[in-house]
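One file, model_39.cif, is given below (mmCIF, C-alpha atoms).
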```
data_run
loop_
_atom_site.group_PDB
_atom_site.id
_atom_site.type_symbol
_atom_site.label_atom_id
_atom_site.label_comp_id
_atom_site.auth_asym_id
_atom_site.auth_seq_id
_atom_site.Cartn_x
_atom_site.Cartn_y
_atom_site.Cartn_z
ATOM 1 C CA MET A 171 3.330 12.768 -3.251
ATOM 2 C CA SER A 172 3.827 9.035 -3.329
ATOM 3 C CA SER A 173 3.806 8.669 0.420
ATOM 4 C CA GLU A 174 0.281 10.035 0.183
ATOM 5 C CA LEU A 175 -0.471 7.248 -2.221
ATOM 6 C CA PHE A 176 0.582 4.712 0.358
ATOM 7 C CA THR A 177 -1.225 6.468 3.186
ATOM 8 C CA LEU A 178 -4.430 6.838 1.193
ATOM 9 C CA THR A 179 -4.287 3.242 -0.024
ATOM 10 C CA TYR A 180 -3.708 2.021 3.495
ATOM 11 C CA GLY A 181 -6.695 4.023 4.691
ATOM 12 C CA ALA A 182 -8.878 2.528 1.986
ATOM 13 C CA LEU A 183 -7.709 -0.938 2.988
ATOM 14 C CA VAL A 184 -8.523 -0.449 6.668
ATOM 15 C CA THR A 185 -11.931 0.965 5.753
ATOM 16 C CA GLN A 186 -12.651 -2.052 3.557
ATOM 17 C CA LEU A 187 -11.526 -4.511 6.222
ATOM 18 C CA CYS A 188 -13.804 -2.820 8.763
ATOM 19 C CA LYS A 189 -16.683 -3.471 6.376
ATOM 20 C CA ASP A 190 -15.662 -7.073 5.756
ATOM 21 C CA TYR A 191 -15.064 -8.147 9.325
ATOM 22 C CA GLU A 192 -17.555 -7.838 12.119
ATOM 23 C CA ASN A 193 -15.210 -6.922 14.896
ATOM 24 C CA ASP A 194 -12.039 -4.917 15.402
ATOM 25 C CA GLU A 195 -10.050 -7.900 16.648
ATOM 26 C CA ASP A 196 -10.488 -9.668 13.317
ATOM 27 C CA VAL A 197 -9.426 -6.543 11.444
ATOM 28 C CA ASN A 198 -6.354 -6.279 13.659
ATOM 29 C CA LYS A 199 -5.477 -9.899 12.922
ATOM 30 C CA GLN A 200 -5.930 -9.462 9.203
ATOM 31 C CA LEU A 201 -3.755 -6.336 9.195
ATOM 32 C CA ASP A 202 -1.064 -8.221 11.091
ATOM 33 C CA LYS A 203 -1.243 -11.145 8.685
ATOM 34 C CA MET A 204 -1.043 -8.892 5.644
ATOM 35 C CA GLY A 205 1.791 -6.968 7.225
ATOM 36 C CA TYR A 206 3.666 -10.205 7.796
ATOM 37 C CA ASN A 207 3.315 -11.180 4.123
ATOM 38 C CA ILE A 208 4.573 -7.757 3.108
ATOM 39 C CA GLY A 209 7.420 -7.871 5.608
ATOM 40 C CA VAL A 210 8.837 -11.167 4.358
ATOM 41 C CA ARG A 211 9.187 -9.572 0.929
ATOM 42 C CA LEU A 212 10.084 -6.069 2.017
ATOM 43 C CA ILE A 213 13.222 -7.287 3.782
ATOM 44 C CA GLU A 214 14.767 -8.272 0.435
ATOM 45 C CA ASP A 215 14.055 -4.864 -1.005
ATOM 46 C CA PHE A 216 15.470 -3.253 2.122
ATOM 47 C CA LEU A 217 18.675 -5.282 2.157
ATOM 48 C CA ALA A 218 19.254 -4.610 -1.521
ATOM 49 C CA ARG A 219 18.607 -0.900 -1.161
ATOM 50 C CA SER A 220 20.377 -0.175 2.099
ATOM 51 C CA ASN A 221 23.495 -2.343 1.995
ATOM 52 C CA VAL A 222 23.482 -2.757 5.752
ATOM 53 C CA GLY A 223 25.491 -5.684 6.991
ATOM 54 C CA ARG A 224 24.386 -8.296 9.473
ATOM 55 C CA CYS A 225 23.383 -6.869 12.841
ATOM 56 C CA HIS A 226 25.388 -8.262 15.723
ATOM 57 C CA ASP A 227 22.874 -7.660 18.433
ATOM 58 C CA PHE A 228 19.410 -6.399 19.114
ATOM 59 C CA ARG A 229 20.625 -2.862 19.758
ATOM 60 C CA GLU A 230 22.096 -2.667 16.256
ATOM 61 C CA THR A 231 18.873 -4.072 14.900
ATOM 62 C CA ALA A 232 16.904 -1.356 16.668
ATOM 63 C CA ASP A 233 19.145 1.318 15.180
ATOM 64 C CA VAL A 234 18.799 -0.026 11.679
ATOM 65 C CA ILE A 235 15.025 -0.271 11.994
ATOM 66 C CA ALA A 236 14.598 3.254 13.294
ATOM 67 C CA LYS A 237 17.290 5.153 11.436
ATOM 68 C CA VAL A 238 17.412 3.347 8.118
ATOM 69 C CA ALA A 239 14.248 1.370 7.477
ATOM 70 C CA PHE A 240 11.628 3.742 8.843
ATOM 71 C CA LYS A 241 13.410 6.656 7.219
ATOM 72 C CA MET A 242 13.599 4.912 3.900
ATOM 73 C CA TYR A 243 10.026 3.724 3.665
ATOM 74 C CA LEU A 244 8.009 6.137 5.751
ATOM 75 C CA GLY A 245 10.233 9.193 5.877
ATOM 76 C CA ILE A 246 10.372 9.346 9.670
ATOM 77 C CA THR A 247 12.984 8.427 12.273
ATOM 78 C CA PRO A 248 11.396 7.094 15.451
ATOM 79 C CA SER A 249 13.422 7.386 18.627
ATOM 80 C CA ILE A 250 14.502 4.287 20.523
ATOM 81 C CA THR A 251 13.814 4.214 24.250
ATOM 82 C CA ASN A 252 12.848 2.080 27.241
ATOM 83 C CA TRP A 253 15.350 -0.700 26.843
ATOM 84 C CA SER A 254 14.731 -3.625 29.153
ATOM 85 C CA PRO A 255 17.619 -4.467 31.526
ATOM 86 C CA ALA A 256 18.277 -7.662 29.569
ATOM 87 C CA GLY A 257 18.495 -5.698 26.322
ATOM 88 C CA ASP A 258 15.824 -7.798 24.657
ATOM 89 C CA GLU A 259 13.014 -5.270 24.535
ATOM 90 C CA PHE A 260 12.743 -1.653 23.412
ATOM 91 C CA SER A 261 10.255 0.928 22.261
ATOM 92 C CA LEU A 262 10.044 2.914 19.071
ATOM 93 C CA ILE A 263 8.486 6.300 19.671
ATOM 94 C CA LEU A 264 6.865 7.949 16.687
ATOM 95 C CA GLU A 265 6.118 11.618 17.263
ATOM 96 C CA ASN A 266 3.926 11.493 14.247
ATOM 97 C CA ASN A 267 2.727 8.471 12.360
ATOM 98 C CA PRO A 268 2.388 9.205 8.633
ATOM 99 C CA LEU A 269 -0.185 6.441 8.254
ATOM 100 C CA VAL A 270 -2.680 8.356 10.334
ATOM 101 C CA ASP A 271 -2.597 11.737 8.604
ATOM 102 C CA PHE A 272 -6.220 12.851 8.267
ATOM 103 C CA VAL A 273 -7.460 9.747 10.102
ATOM 104 C CA GLU A 274 -9.920 9.783 12.956
ATOM 105 C CA LEU A 275 -11.161 6.661 14.642
ATOM 106 C CA PRO A 276 -14.932 6.549 14.851
ATOM 107 C CA ASP A 277 -16.362 5.754 18.314
ATOM 108 C CA ASN A 278 -17.464 2.266 17.413
ATOM 109 C CA HIS A 279 -13.928 1.156 16.556
ATOM 110 C CA SER A 280 -12.186 1.745 19.834
ATOM 111 C CA SER A 281 -10.365 -1.609 19.723
ATOM 112 C CA LEU A 282 -9.036 -1.106 16.221
ATOM 113 C CA ILE A 283 -5.269 -0.946 16.014
ATOM 114 C CA TYR A 284 -5.241 1.178 12.892
ATOM 115 C CA SER A 285 -1.547 0.813 12.056
ATOM 116 C CA ASN A 286 -1.299 -2.850 12.951
ATOM 117 C CA LEU A 287 0.101 -3.620 9.505
ATOM 118 C CA LEU A 288 3.399 -2.195 10.767
ATOM 119 C CA CYS A 289 3.635 -4.840 13.504
ATOM 120 C CA GLY A 290 3.229 -7.603 10.956
ATOM 121 C CA VAL A 291 5.756 -6.010 8.614
ATOM 122 C CA LEU A 292 8.395 -5.797 11.332
ATOM 123 C CA ARG A 293 7.700 -9.327 12.513
ATOM 124 C CA GLY A 294 7.835 -10.789 8.997
ATOM 125 C CA ALA A 295 10.934 -8.883 7.964
ATOM 126 C CA LEU A 296 12.885 -9.860 11.072
ATOM 127 C CA GLU A 297 11.848 -13.468 10.753
ATOM 128 C CA MET A 298 13.598 -13.536 7.398
ATOM 129 C CA VAL A 299 16.810 -12.518 9.130
ATOM 130 C CA GLN A 300 16.433 -15.254 11.699
ATOM 131 C CA MET A 301 14.860 -13.260 14.510
ATOM 132 C CA ALA A 302 11.560 -14.161 16.116
ATOM 133 C CA VAL A 303 10.112 -11.024 17.647
ATOM 134 C CA ASP A 304 6.933 -9.836 19.218
ATOM 135 C CA VAL A 305 5.717 -6.418 18.101
ATOM 136 C CA LYS A 306 2.813 -4.429 19.409
ATOM 137 C CA PHE A 307 1.463 -0.931 19.811
ATOM 138 C CA VAL A 308 1.384 0.291 23.377
ATOM 139 C CA GLN A 309 0.473 3.915 22.713
ATOM 140 C CA ASP A 310 -1.432 5.379 19.803
ATOM 141 C CA THR A 311 -2.082 9.029 18.964
ATOM 142 C CA LEU A 312 -5.331 7.932 17.334
ATOM 143 C CA LYS A 313 -6.516 6.891 20.760
ATOM 144 C CA GLY A 314 -5.575 10.129 22.411
ATOM 145 C CA ASP A 315 -2.041 9.282 23.505
ATOM 146 C CA SER A 316 0.570 11.979 22.984
ATOM 147 C CA VAL A 317 2.838 9.712 20.973
ATOM 148 C CA THR A 318 2.684 6.433 19.144
ATOM 149 C CA GLU A 319 4.780 3.751 20.789
ATOM 150 C CA ILE A 320 5.667 0.379 19.324
ATOM 151 C CA ARG A 321 7.161 -2.167 21.679
ATOM 152 C CA MET A 322 9.515 -4.752 20.195
ATOM 153 C CA LYS A 323 10.627 -7.843 22.056
ATOM 154 C CA PHE A 324 13.245 -10.334 20.972
ATOM 155 C CA ILE A 325 11.937 -13.871 21.498
ATOM 156 C CA ARG A 326 14.612 -16.101 20.022
ATOM 157 C CA ARG A 327 16.965 -16.709 17.177
ATOM 158 C CA ILE A 328 15.484 -18.841 14.387
ATOM 159 C CA GLU A 329 18.003 -21.519 13.547
ATOM 160 C CA ASP A 330 16.210 -23.539 10.905
ATOM 161 C CA ASN A 331 15.867 -22.081 7.457
ATOM 162 C CA LEU A 332 12.275 -23.073 6.964
ATOM 163 C CA PRO A 333 10.662 -22.129 3.678
ATOM 164 C CA VAL A 334 8.565 -18.988 3.869
ATOM 165 C CA GLY A 335 4.941 -19.820 4.291
ATOM 166 C CA GLU A 336 2.102 -17.420 3.656
ATOM 167 C CA GLU A 337 -0.118 -16.826 6.619
ATOM 168 C CA MET B 244 14.568 9.098 -9.132
ATOM 169 C CA THR B 245 16.024 9.158 -5.674
ATOM 170 C CA ARG B 246 16.417 6.040 -3.635
ATOM 171 C CA VAL B 247 13.716 7.172 -1.267
ATOM 172 C CA GLU B 248 11.164 7.673 -4.028
ATOM 173 C CA MET B 249 11.840 4.229 -5.300
ATOM 174 C CA ALA B 250 11.452 2.862 -1.800
ATOM 175 C CA ASP B 251 8.023 4.494 -1.612
ATOM 176 C CA GLU B 252 7.100 2.768 -4.819
ATOM 177 C CA ALA B 253 8.317 -0.611 -3.591
ATOM 178 C CA LEU B 254 6.215 -0.249 -0.465
ATOM 179 C CA PHE B 255 3.094 0.688 -2.407
ATOM 180 C CA LEU B 256 3.618 -2.208 -4.833
ATOM 181 C CA LEU B 257 3.901 -4.674 -1.980
ATOM 182 C CA LEU B 258 0.823 -3.246 -0.281
ATOM 183 C CA HIS B 259 -1.181 -3.357 -3.502
ATOM 184 C CA ASN B 260 -0.191 -6.953 -4.262
ATOM 185 C CA GLU B 261 -0.926 -8.077 -0.732
ATOM 186 C CA MET B 262 -4.325 -6.380 -0.914
ATOM 187 C CA VAL B 263 -5.118 -8.329 -4.064
ATOM 188 C CA ALA B 264 -3.866 -11.586 -2.563
ATOM 189 C CA GLY B 265 -5.367 -10.980 0.880
ATOM 190 C CA LEU B 266 -8.853 -10.175 -0.372
ATOM 191 C CA HIS B 267 -8.901 -13.232 -2.585
ATOM 192 C CA ARG B 268 -7.563 -15.426 0.178
ATOM 193 C CA ALA B 269 -10.224 -14.233 2.607
ATOM 194 C CA ALA B 270 -12.932 -14.828 0.018
ATOM 195 C CA GLU B 271 -11.705 -18.368 -0.620
ATOM 196 C CA GLN B 272 -11.661 -19.147 3.059
ATOM 197 C CA GLY B 273 -15.146 -17.773 3.425
ATOM 198 C CA GLU B 274 -13.970 -15.347 6.056
ATOM 199 C CA ALA B 275 -15.236 -12.199 4.554
ATOM 200 C CA GLU B 276 -18.656 -11.219 3.339
ATOM 201 C CA ASN B 277 -19.084 -12.401 -0.246
ATOM 202 C CA GLY B 278 -16.214 -12.617 -2.652
ATOM 203 C CA ARG B 279 -16.670 -9.548 -4.757
ATOM 204 C CA CYS B 280 -12.952 -8.941 -4.669
ATOM 205 C CA ILE B 281 -12.624 -7.098 -7.932
ATOM 206 C CA THR B 282 -15.392 -4.686 -6.942
ATOM 207 C CA LYS B 283 -13.796 -4.086 -3.565
ATOM 208 C CA LEU B 284 -10.423 -3.373 -5.134
ATOM 209 C CA GLU B 285 -12.040 -1.001 -7.607
ATOM 210 C CA ASN B 286 -13.847 0.822 -4.804
ATOM 211 C CA MET B 287 -10.649 1.184 -2.819
ATOM 212 C CA GLY B 288 -8.944 2.616 -5.877
ATOM 213 C CA PHE B 289 -11.844 5.033 -6.294
ATOM 214 C CA ARG B 290 -11.406 6.429 -2.787
ATOM 215 C CA VAL B 291 -7.678 6.797 -3.276
ATOM 216 C CA GLY B 292 -8.127 8.465 -6.670
ATOM 217 C CA GLN B 293 -10.465 11.010 -5.119
ATOM 218 C CA GLY B 294 -8.035 11.666 -2.296
ATOM 219 C CA LEU B 295 -5.072 12.141 -4.597
ATOM 220 C CA ILE B 296 -6.876 14.610 -6.830
ATOM 221 C CA GLU B 297 -8.117 16.576 -3.836
ATOM 222 C CA ARG B 298 -4.558 17.165 -2.796
ATOM 223 C CA PHE B 299 -2.797 18.070 -5.943
ATOM 224 C CA THR B 300 -5.142 20.028 -8.077
ATOM 225 C CA LYS B 301 -5.485 22.837 -5.577
ATOM 226 C CA ASP B 302 -3.027 25.015 -7.457
ATOM 227 C CA THR B 303 -3.497 23.982 -11.040
ATOM 228 C CA ALA B 304 -5.542 26.209 -13.294
ATOM 229 C CA ARG B 305 -8.966 25.098 -14.393
ATOM 230 C CA PHE B 306 -8.968 22.663 -17.251
ATOM 231 C CA LYS B 307 -10.187 23.845 -20.641
ATOM 232 C CA ASP B 308 -12.197 20.792 -21.508
ATOM 233 C CA GLU B 309 -12.601 17.051 -21.115
ATOM 234 C CA LEU B 310 -9.596 16.273 -23.297
ATOM 235 C CA ASP B 311 -7.470 18.553 -21.173
ATOM 236 C CA ILE B 312 -8.505 16.602 -18.102
ATOM 237 C CA MET B 313 -7.699 13.294 -19.759
ATOM 238 C CA LYS B 314 -4.262 14.593 -20.705
ATOM 239 C CA PHE B 315 -3.724 15.585 -17.094
ATOM 240 C CA ILE B 316 -4.603 12.055 -16.030
ATOM 241 C CA CYS B 317 -2.184 10.664 -18.595
ATOM 242 C CA LYS B 318 0.689 12.927 -17.615
ATOM 243 C CA ASP B 319 0.679 14.459 -14.138
ATOM 244 C CA PHE B 320 -1.607 11.981 -12.450
ATOM 245 C CA TRP B 321 -0.008 8.883 -13.944
ATOM 246 C CA THR B 322 3.493 10.196 -13.186
ATOM 247 C CA THR B 323 2.607 10.878 -9.581
ATOM 248 C CA VAL B 324 1.223 7.406 -9.074
ATOM 249 C CA PHE B 325 3.318 5.270 -11.415
ATOM 250 C CA LYS B 326 6.424 7.378 -12.045
ATOM 251 C CA LYS B 327 5.823 7.457 -15.778
ATOM 252 C CA GLN B 328 3.323 8.844 -18.230
ATOM 253 C CA ILE B 329 0.706 6.978 -20.178
ATOM 254 C CA ASP B 330 2.346 5.972 -23.431
ATOM 255 C CA ASN B 331 -0.569 6.498 -25.733
ATOM 256 C CA LEU B 332 -3.948 8.230 -25.502
ATOM 257 C CA ARG B 333 -6.654 7.647 -28.078
ATOM 258 C CA THR B 334 -10.187 8.978 -28.256
ATOM 259 C CA ASN B 335 -13.134 8.838 -30.543
ATOM 260 C CA HIS B 336 -14.015 12.390 -29.473
ATOM 261 C CA GLN B 337 -17.346 11.055 -28.342
ATOM 262 C CA GLY B 338 -16.534 10.302 -24.746
ATOM 263 C CA ILE B 339 -14.407 7.196 -25.078
ATOM 264 C CA TYR B 340 -10.708 7.302 -24.246
ATOM 265 C CA VAL B 341 -8.158 4.532 -24.320
ATOM 266 C CA LEU B 342 -5.058 4.969 -22.193
ATOM 267 C CA GLN B 343 -2.220 2.660 -23.029
ATOM 268 C CA ASP B 344 0.607 1.910 -20.673
ATOM 269 C CA ASN B 345 3.232 -0.283 -22.287
ATOM 270 C CA LYS B 346 5.009 -1.113 -19.083
ATOM 271 C CA PHE B 347 2.411 -0.980 -16.367
ATOM 272 C CA ARG B 348 4.152 -0.874 -13.011
ATOM 273 C CA LEU B 349 1.732 -3.179 -11.279
ATOM 274 C CA LEU B 350 2.288 -5.875 -13.887
ATOM 275 C CA THR B 351 6.030 -5.679 -14.448
ATOM 276 C CA GLN B 352 6.681 -7.908 -11.458
ATOM 277 C CA MET B 353 4.596 -10.648 -12.969
ATOM 278 C CA SER B 354 5.976 -13.058 -15.476
ATOM 279 C CA ALA B 355 5.255 -12.135 -19.067
ATOM 280 C CA GLY B 356 3.919 -15.576 -19.803
ATOM 281 C CA LYS B 357 0.406 -16.187 -21.019
ATOM 282 C CA GLN B 358 -0.438 -18.344 -18.030
ATOM 283 C CA TYR B 359 -0.666 -15.292 -15.777
ATOM 284 C CA LEU B 360 -3.000 -13.455 -18.097
ATOM 285 C CA GLU B 361 -6.056 -14.760 -16.292
ATOM 286 C CA HIS B 362 -4.862 -13.183 -13.037
ATOM 287 C CA ALA B 363 -4.104 -9.810 -14.558
ATOM 288 C CA PRO B 364 -7.611 -8.340 -14.055
ATOM 289 C CA LYS B 365 -7.162 -8.589 -10.289
ATOM 290 C CA TYR B 366 -4.122 -6.362 -10.586
ATOM 291 C CA LEU B 367 -5.911 -3.788 -12.715
ATOM 292 C CA ALA B 368 -9.066 -3.283 -10.670
ATOM 293 C CA PHE B 369 -7.574 -0.895 -8.123
ATOM 294 C CA THR B 370 -6.129 1.293 -10.885
ATOM 295 C CA CYS B 371 -9.432 1.382 -12.767
ATOM 296 C CA GLY B 372 -10.958 2.738 -9.588
ATOM 297 C CA LEU B 373 -8.088 5.178 -9.195
ATOM 298 C CA ILE B 374 -8.826 6.706 -12.600
ATOM 299 C CA ARG B 375 -12.571 6.726 -11.971
ATOM 300 C CA GLY B 376 -12.089 8.357 -8.571
ATOM 301 C CA GLY B 377 -9.716 10.989 -9.909
ATOM 302 C CA LEU B 378 -12.094 11.876 -12.696
ATOM 303 C CA SER B 379 -14.990 11.957 -10.290
ATOM 304 C CA ASN B 380 -13.326 14.675 -8.243
ATOM 305 C CA LEU B 381 -12.702 16.594 -11.438
ATOM 306 C CA GLY B 382 -16.407 16.533 -12.154
ATOM 307 C CA ILE B 383 -16.429 13.646 -14.593
ATOM 308 C CA LYS B 384 -18.498 10.529 -14.170
ATOM 309 C CA SER B 385 -17.101 7.517 -15.955
ATOM 310 C CA ILE B 386 -16.855 3.790 -16.291
ATOM 311 C CA VAL B 387 -13.299 2.465 -16.427
ATOM 312 C CA THR B 388 -12.294 -0.962 -17.577
ATOM 313 C CA ALA B 389 -8.952 -2.473 -18.422
ATOM 314 C CA GLU B 390 -7.486 -5.211 -20.491
ATOM 315 C CA VAL B 391 -4.116 -6.821 -20.932
ATOM 316 C CA SER B 392 -3.087 -8.365 -24.182
ATOM 317 C CA VAL B 393 0.625 -8.809 -23.709
ATOM 318 C CA MET B 394 2.131 -8.319 -20.277
ATOM 319 C CA PRO B 395 3.161 -5.851 -19.039
ATOM 320 C CA ALA B 396 1.278 -3.651 -21.483
ATOM 321 C CA CYS B 397 -2.315 -2.795 -20.724
ATOM 322 C CA LYS B 398 -5.089 -0.484 -21.825
ATOM 323 C CA PHE B 399 -7.534 1.412 -19.666
ATOM 324 C CA GLN B 400 -10.789 2.315 -21.329
ATOM 325 C CA VAL B 401 -12.627 5.318 -19.971
ATOM 326 C CA MET B 402 -16.254 5.835 -20.956
ATOM 327 C CA ILE B 403 -17.515 9.254 -19.959
ATOM 328 C CA GLN B 404 -21.073 9.177 -18.632
ATOM 329 C CA LYS B 405 -23.210 12.153 -19.437
ATOM 330 C CA MET B 406 -24.750 13.328 -16.194
#
```
What does the file become when written as structure tokens?
Amino acid sequence: MSSELFTLTYGALVTQLCKDYENDEDVNKQLDKMGYNIGVRLIEDFLARSNVGRCHDFRETADVIAKVAFKMYLGITPSITNWSPAGDEFSLILENNPLVDFVELPDNHSSLIYSNLLCGVLRGALEMVQMAVDVKFVQDTLKGDSVTEIRMKFIRRIEDNLPVGEE
Amino acid sequence: MTRVEMADEALFLLLHNEMVAGLHRAAEQGEAENGRCITKLENMGFRVGQGLIERFTKDTARFKDELDIMKFICKDFWTTVFKKQIDNLRTNHQGIYVLQDNKFRLLTQMSAGKQYLEHAPKYLAFTCGLIRGGLSNLGIKSIVTAEVSVMPACKFQVMIQKM
């Protein structure tokens, strides 16, 4: 029941943003920004709730994201695939994306990355544990792909403990 | 409550608060079309309220009357959304209902001090819409307003509109 609340609220938000901003790119940016602000706070909730220790490498991080975090907050466990040879990039494959239940993209919003909030959330959360990452959707069932694929790339370790700024 | 249910709630809370903050931020920066943030939040709540009711009243028996519907909002609906019931329901039996929540979930995170009172309306708009949207799908047209006197307690006033 309450995951419907989140899904429905998210849908209402995207709809409102599409009204407020003239083009899809701006909506995508706003979703990413909002996701980031959520992520920097969500990480605290996650760490308190899950009791996971510090991850030693990016592979552990991937496991925790897919098997603990996604499960906890969205009720799904994406699979982890397509590791780069250097071990700094991987994909999360979501067979089904709960955010898009009952959602159809109208024709005039072909550039909209509907679930872009998730990219911001992941980026913001990981930044709080000293990891700068790049996150983006590379496949999307809303656009006709068979699965939804999120690509995550490790950029660098963040050494300075800068105060959290809002974007 | 299981850990997972609470996690759902945490996620929704964060999304709601970021929606409030994000809309106001965009309005301040002149990015978005006019700053009718409260109205936008209320409209979003309306859509969500409609959607929620669509899903979970499929099995429930028809309601006897208006009061029955309001009780449903206070119990089942409120519990689904906020994990607790409305604490007090009052009515003048002439179409006005006051729903009191003594520990409103969307306000408990905010400091109880008086200085945050002026910001409280932003955090109530979505929920006003939620109630209005839920009632709308149950065949009731209404105007819903809210007020906070002492955080985190608040009252939602529902005025039934005769159609």
Evaluate the PyMOL selection byres ((chain A) within 9 of (chain B)) and record the selected residues as a PDB file with C-alpha atoms, in the frame of the given file, following the chain and residue labels used in the document.
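Output saved as result-v5.pdb:
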```pdb
ATOM      1  CA  MET A 171       3.330  12.768  -3.251  1.00  0.00           C
ATOM      2  CA  SER A 172       3.827   9.035  -3.329  1.00  0.00           C
ATOM      3  CA  SER A 173       3.806   8.669   0.420  1.00  0.00           C
ATOM      4  CA  GLU A 174       0.281  10.035   0.183  1.00  0.00           C
ATOM      5  CA  LEU A 175      -0.471   7.248  -2.221  1.00  0.00           C
ATOM      6  CA  PHE A 176       0.582   4.712   0.358  1.00  0.00           C
ATOM      7  CA  LEU A 178      -4.430   6.838   1.193  1.00  0.00           C
ATOM      8  CA  THR A 179      -4.287   3.242  -0.024  1.00  0.00           C
ATOM      9  CA  TYR A 180      -3.708   2.021   3.495  1.00  0.00           C
ATOM     10  CA  GLY A 181      -6.695   4.023   4.691  1.00  0.00           C
ATOM     11  CA  ALA A 182      -8.878   2.528   1.986  1.00  0.00           C
ATOM     12  CA  LEU A 183      -7.709  -0.938   2.988  1.00  0.00           C
ATOM     13  CA  THR A 185     -11.931   0.965   5.753  1.00  0.00           C
ATOM     14  CA  GLN A 186     -12.651  -2.052   3.557  1.00  0.00           C
ATOM     15  CA  LEU A 187     -11.526  -4.511   6.222  1.00  0.00           C
ATOM     16  CA  LYS A 189     -16.683  -3.471   6.376  1.00  0.00           C
ATOM     17  CA  ASP A 190     -15.662  -7.073   5.756  1.00  0.00           C
ATOM     18  CA  TYR A 191     -15.064  -8.147   9.325  1.00  0.00           C
ATOM     19  CA  GLN A 200      -5.930  -9.462   9.203  1.00  0.00           C
ATOM     20  CA  LYS A 203      -1.243 -11.145   8.685  1.00  0.00           C
ATOM     21  CA  MET A 204      -1.043  -8.892   5.644  1.00  0.00           C
ATOM     22  CA  GLY A 205       1.791  -6.968   7.225  1.00  0.00           C
ATOM     23  CA  ASN A 207       3.315 -11.180   4.123  1.00  0.00           C
ATOM     24  CA  ILE A 208       4.573  -7.757   3.108  1.00  0.00           C
ATOM     25  CA  GLY A 209       7.420  -7.871   5.608  1.00  0.00           C
ATOM     26  CA  ARG A 211       9.187  -9.572   0.929  1.00  0.00           C
ATOM     27  CA  LEU A 212      10.084  -6.069   2.017  1.00  0.00           C
ATOM     28  CA  ASP A 215      14.055  -4.864  -1.005  1.00  0.00           C
ATOM     29  CA  PHE A 216      15.470  -3.253   2.122  1.00  0.00           C
ATOM     30  CA  ARG A 219      18.607  -0.900  -1.161  1.00  0.00           C
ATOM     31  CA  LYS A 241      13.410   6.656   7.219  1.00  0.00           C
ATOM     32  CA  MET A 242      13.599   4.912   3.900  1.00  0.00           C
ATOM     33  CA  TYR A 243      10.026   3.724   3.665  1.00  0.00           C
ATOM     34  CA  LEU A 244       8.009   6.137   5.751  1.00  0.00           C
ATOM     35  CA  GLY A 245      10.233   9.193   5.877  1.00  0.00           C
TER      36      GLY A 245
END
```
Written as a PDB file with C-alpha atoms, in the coordinates of the input, what is the full residue list that the PyMOL selection byres ((chain A and resi 278-284) around 6) yields on the file shown?
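Generated output (out_10.pdb):
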```pdb
ATOM      1  CA  ASP A 194     -12.039  -4.917  15.402  1.00  0.00           C
ATOM      2  CA  ASN A 198      -6.354  -6.279  13.659  1.00  0.00           C
ATOM      3  CA  PRO A 276     -14.932   6.549  14.851  1.00  0.00           C
ATOM      4  CA  ASP A 277     -16.362   5.754  18.314  1.00  0.00           C
ATOM      5  CA  SER A 285      -1.547   0.813  12.056  1.00  0.00           C
ATOM      6  CA  ASN A 286      -1.299  -2.850  12.951  1.00  0.00           C
TER       7      ASN A 286
END
```
Using the chain letters and numbering of this document, enumerate as a list in words the residues selected by the PyMOL selection byres ((chain A and resi 313-320) around 7).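 Expected selection for the PyMOL selection byres ((chain A and resi 313-320) around 7) here is Ser261, Leu262, Ile263, Leu264, Glu265, Val305, Lys306, Phe307, Val308, Gln309, Asp310, Thr311, Leu312, Arg321 and Met322 of chain A.
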Pull the closest atom pair for each residue of range 369-395 of chain B that gets at most 10 Å from range 345-353 of chain B, along with the distance in Å to one decimal, counting all atoms listed in the file, ordering rows by chain and then ascending residue number, as a Markdown table.
```
| residue | atom | partner | partner_atom | distance |
| --- | --- | --- | --- | --- |
| B:Thr370 | CA | B:Leu349 | CA | 9.1 |
| B:Val391 | CA | B:Leu350 | CA | 9.6 |
| B:Val393 | CA | B:Asn345 | CA | 9.0 |
| B:Met394 | CA | B:Leu350 | CA | 6.8 |
| B:Pro395 | CA | B:Lys346 | CA | 5.1 |
```
Have a look at CA of Lys237 in chain A and CA of Ser254 in chain A and let me know their distance in Å, one decimal.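 CA of Ser254 in chain A lies 19.9 Å from CA of Lys237 in chain A.
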